[in-house]
Each structure stands twice: as structure tokens, then as C-alpha cells.
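> Quick one: the structure is below, and I'll ask about it shortly.
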Amino acid sequence: MVRVGVRLSCYNSASCRSKKLYHKVLAIDMINPFLQSPRAVKMLEAIVNVVFPRSCVSCGLSRKNGGDYLCRLCRDDIFVIGDPLCNTCGIPADIDYDYPAEGFECGWCRKCGFRFDRARSLGLYDSVLKELIHFYKYRSQPGAIDELEPLLRDYFATCREEYQGYSVTSVPLHVKKLKERGFDQSFVLAHKTAEILDLPLLVRPLARIRETFPQARKNRTERFQNVRGAFEVVSPKTVCDKKILLVDDVFTTGSTVNEVARVLKKARAGSVQVFTLARA
Ligand SMILES: [Zn+2]
Ligand SMILES: [Zn+2]
């Protein structure tokens with residue numbers, strides 16, 4: 001356990017392929033047999049981090065004055081989405097001040113007819129947020145989400161009342177993916193959201209009953225077809241007549257959250273709002 005813990009923290013850098021970091025890992029491996037306690041691990045980590053300072057996962061530079069994953073400049077550089085935006089899917093809207101922004105709905109939402117009532121995202125899925133989410137999701141670093149906690153707290157402080165009476169749940173991960181990744185990234189995020197908003201968390205009222213192909217290389221229509229029938233409500237009583245805040249990491253076309261919202265509403269859930277960390 002000690003060995004794994006130290007190794008993971010060593011890979012906590014965008015530049016882990018660099019010689020410097022390989023040396024850091026090698027150095028830890030060499031002294032690993034001498035590690036006897038968590039205290040020893042902490043002391044060793046502190047020493048190693050002084051000799052080989054970990055870098056920011058986004059820009060690769062020193063994280064001096066920053067958090068555990070991002071430097072201060074990168075963290076301040078995350079663009080938080082605000083008005084004006086599409087009232088349904090939450091995409092930033094390029095409308096000027098003379099246009100009545102309240103109730104504005106983008107062309108895609110008018111055409112698509114989403115099954116959820118409203119979606120919002122913390123920020124845009126580019127540069128820093130994209131790098132951090134990749135690190136969180138694909139390199140199995142659930143702690144990376146803590147980096148965004150201050151931003152999430154500030155964001156929800158301005159719209160807290162809009163989620164009153166809601167219960168939080170997440171887009172479920174297929175059990176095979178869960179075993180591969182080692183953690184459910186959307187569930188961790190839902191847990192954090194419920195904690196910040198002080199709302200009840202519904203633990204897996206849904207299941208992903210079918211594996212889906214990766215969405216990345218599919219167009220909009222294919223994405224909607226790919227997730228059709230992939231989810232099932234496994235405990236209908238938990239969601240019946242409930243207002244649900246559905247949490248996921250990234251909203252791209254909205255196909256996944258739309259399909260989950262569809263099955264939730266089929267199970268007689270009330271309003272379904274969506275919240276994602278990022279909006280592509
Ligand atoms: Zn940085
Ligand atoms: Zn829209």
C-alpha cells in the first residue's frame with residue numbers, strides 16, 4: 001500500500017515522462033523497502049518534493065503558491081461560464097446587451113428537444129480545465145477534483161436556491177469501466193456537489209446496463225444513437241416524484257445526460273437538472 005501511494009503521488013505531474021520525474025520514481029523505489037509508516041511516507045514525500053518539485057498539470061511549470069495540481073496562474077485562468085447563456089443547455093451565448101437574454105434558447109436546443117429541464121456547467125472544456133479533467137479521469141487521480149472545490153463553492157454560492165429540493169445523483173459508469181479506472185469520476189463529483197449544496201445524494205439509483213462505444217470520434221447523431229438504451233433505473237422508488245440534479249464531468253452534445261434524463265423521467269422523476277464540470 002505504501003509503495004502504491006508514493007508512486008501515485010509521484011506521477012502527479014504533467015511532465016511525468018521527463019527524466020527528472022523518472023529519477024524521482026526510481027529514487028523512491030530504491031528507498032521504498034525502508035518505509036515503515038504513513039508518517040515516514042509523508043516525510044519522504046516532503047523531501048522528494050523539495051528536491052524534485054512537482055509541476056502544474058496544465059502548464060508544466062512550478063506549482064509555487066498554487067494547489068496540489070495546478071499553479072496559481074492556471075487556476076486563475078479557468079473560465080467560469082456566466083450570463084448570457086442558453087437557458088436550456090447553458091452554452092455561452094454570443095448576444096449583445098440589447099437582446100433579451102432571459103429565457104434565450106440556442107438553435108440546437110430548439111431543434112433537439114432535450115429531455116432534461118436545464119443544464120449548467122462550471123467552465124469551458126478547454127486548456128486548463130480540459131487538462132485537469134484528463135488528469136482526474138484518465139490518470140486516476142480523484143484528488144484532482146479538490147483543486148476545483150473553491151471554484152465550485154463560489155459558483156454554487158450564486159445559484160444555490162435554484163437547486164433547493166433537489167437530490168443529487170451521477171451518470172453511472174459501466175462496471176467494466178469502473179474496474180479499469182478504479183473509481184467513478186462522476187460519482188466523486190456528485191458527492192462533492194451534494195456536499196457543497198447540502199443536498200441528499202442518491203447512491204446509484206441507475207445502472208449502465210450496456211457498454212457503449214467511446215463517444216469521442218462520433219458525430220452528434222451517432223452519439224445519441226450510441227447511448228440509447230444504455231441506462232436503467234434500478235430503484236424506481238428512489239427517484240419517483242423526486243427533483244434530480246444529475247452530475248457528470250463533461251457536456252459535449254448532451255446525448256448521455258439526455259438519455260439518463262429520459263429514463264429518469266420514464267421512472268416518474270420530477271424535474272431533471274444537469275450539472276457538469278465542463279462544457280465542450
Ligand atoms: Zn500552470
Ligand atoms: Zn442550448
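Letters A, B, ... go to the chains of the C-alpha cells in the order shown; residues in each chain start at 1; ligands are counted from 1 in the same order.
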With ligand 1 as the partner and 8 Å as the cut-off, tabulate the residues of chain A that qualify, each row holding the nearest pair of atoms and their distance in Å to one decimal, using only C-alpha atoms and all ligand atoms, sorted by chain and rising number, as CSV.

residue,atom,partner,partner_atom_place_in_ligand_line,distance
A:Ser55,CA,ligand 1,1 (Zn),7.7
A:Cys56,CA,ligand 1,1 (Zn),4.6
A:Val57,CA,ligand 1,1 (Zn),6.6
A:Ser58,CA,ligand 1,1 (Zn),5.1
A:Cys59,CA,ligand 1,1 (Zn),4.1
A:Gly60,CA,ligand 1,1 (Zn),6.1
A:Leu61,CA,ligand 1,1 (Zn),5.7
A:Ser62,CA,ligand 1,1 (Zn),7.2
A:Arg63,CA,ligand 1,1 (Zn),6.7
A:Leu70,CA,ligand 1,1 (Zn),5.3
A:Cys71,CA,ligand 1,1 (Zn),4.2
A:Arg72,CA,ligand 1,1 (Zn),6.7
A:Leu73,CA,ligand 1,1 (Zn),5.9
A:Cys74,CA,ligand 1,1 (Zn),4.3
A:Arg75,CA,ligand 1,1 (Zn),7.2
A:Val128,CA,ligand 1,1 (Zn),7.9
> Could those selected residues go to a file with N, CA and C atoms, as a tab-separated table (two decimals), in the first residue's frame?

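Written file, again23.tsv:
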chain	number	residue	atom	x	y	z
A	55	SER	N	5.24	19.60	-10.85
A	55	SER	CA	4.85	20.72	-11.70
A	55	SER	C	3.34	20.76	-11.92
A	56	CYS	N	2.88	21.89	-12.42
A	56	CYS	CA	1.46	22.12	-12.71
A	56	CYS	C	1.01	21.18	-13.83
A	57	VAL	N	-0.15	20.51	-13.67
A	57	VAL	CA	-0.59	19.54	-14.69
A	57	VAL	C	-1.00	20.23	-15.99
A	58	SER	N	-1.20	21.53	-15.95
A	58	SER	CA	-1.59	22.22	-17.18
A	58	SER	C	-0.40	22.83	-17.90
A	59	CYS	N	0.38	23.69	-17.23
A	59	CYS	CA	1.47	24.39	-17.94
A	59	CYS	C	2.82	23.71	-17.75
A	60	GLY	N	2.91	22.79	-16.79
A	60	GLY	CA	4.17	22.07	-16.57
A	60	GLY	C	5.20	22.86	-15.77
A	61	LEU	N	4.85	24.08	-15.37
A	61	LEU	CA	5.79	24.88	-14.58
A	61	LEU	C	5.58	24.62	-13.08
A	62	SER	N	6.37	25.27	-12.27
A	62	SER	CA	6.29	25.06	-10.82
A	62	SER	C	4.91	25.45	-10.28
A	63	ARG	N	4.47	24.68	-9.27
A	63	ARG	CA	3.16	25.00	-8.68
A	63	ARG	C	3.30	25.92	-7.48
A	70	LEU	N	-2.48	22.35	-9.75
A	70	LEU	CA	-2.34	23.50	-10.66
A	70	LEU	C	-1.54	24.62	-10.01
A	71	CYS	N	-0.84	25.38	-10.85
A	71	CYS	CA	-0.19	26.57	-10.33
A	71	CYS	C	-1.27	27.66	-10.18
A	72	ARG	N	-0.92	28.71	-9.51
A	72	ARG	CA	-1.92	29.75	-9.23
A	72	ARG	C	-2.42	30.41	-10.52
A	73	LEU	N	-1.49	30.64	-11.46
A	73	LEU	CA	-1.87	31.31	-12.70
A	73	LEU	C	-2.87	30.48	-13.48
A	74	CYS	N	-2.62	29.17	-13.58
A	74	CYS	CA	-3.53	28.29	-14.33
A	74	CYS	C	-4.89	28.21	-13.64
A	75	ARG	N	-4.86	28.12	-12.32
A	75	ARG	CA	-6.13	28.04	-11.59
A	75	ARG	C	-6.95	29.31	-11.81
A	128	VAL	N	-6.91	24.72	-19.38
A	128	VAL	CA	-6.64	24.25	-18.02
A	128	VAL	C	-7.67	23.21	-17.53
> Within 8 Å of ligand 2 (counting only C-alpha atoms and all ligand atoms), which residues show up? I'd like them as an NGL selection string.
:A and (85-91 or 105-110)
> In Å, with one decimal, what is the gap from CA of Ser271 in chain A to CA of Pro150 in chain A?
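Interatomic distance here is 27.4 Å.
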> Taking the backbone alone, and naming residues the way the document does, which bits of range 34-268 of chain A are alpha helix (DSSP H) by DSSP, as an MDAnalysis selection string?
chainID A and resid 38:51 72:76 107:112 127:138 149:157 175:181 185:197 220:227 236:239 255:266
> List the neighbours of range 154-170 of chain A out to 10 Å using only C-alpha atoms; skip same-chain residues closer than 2 positions along the sequence, and give me the result as an MDAnalysis selection string.
chainID A and resid 80:82 121:123 149:152 172:173 184:206 238:239 242:249 257 260 270:276
> Could you state the separation of CA of Gly103 in chain A and CA of Arg223 in chain A in Å, given to one decimal place?
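Interatomic distance, CA of Gly103 in chain A to CA of Arg223 in chain A: 27.0 Å.
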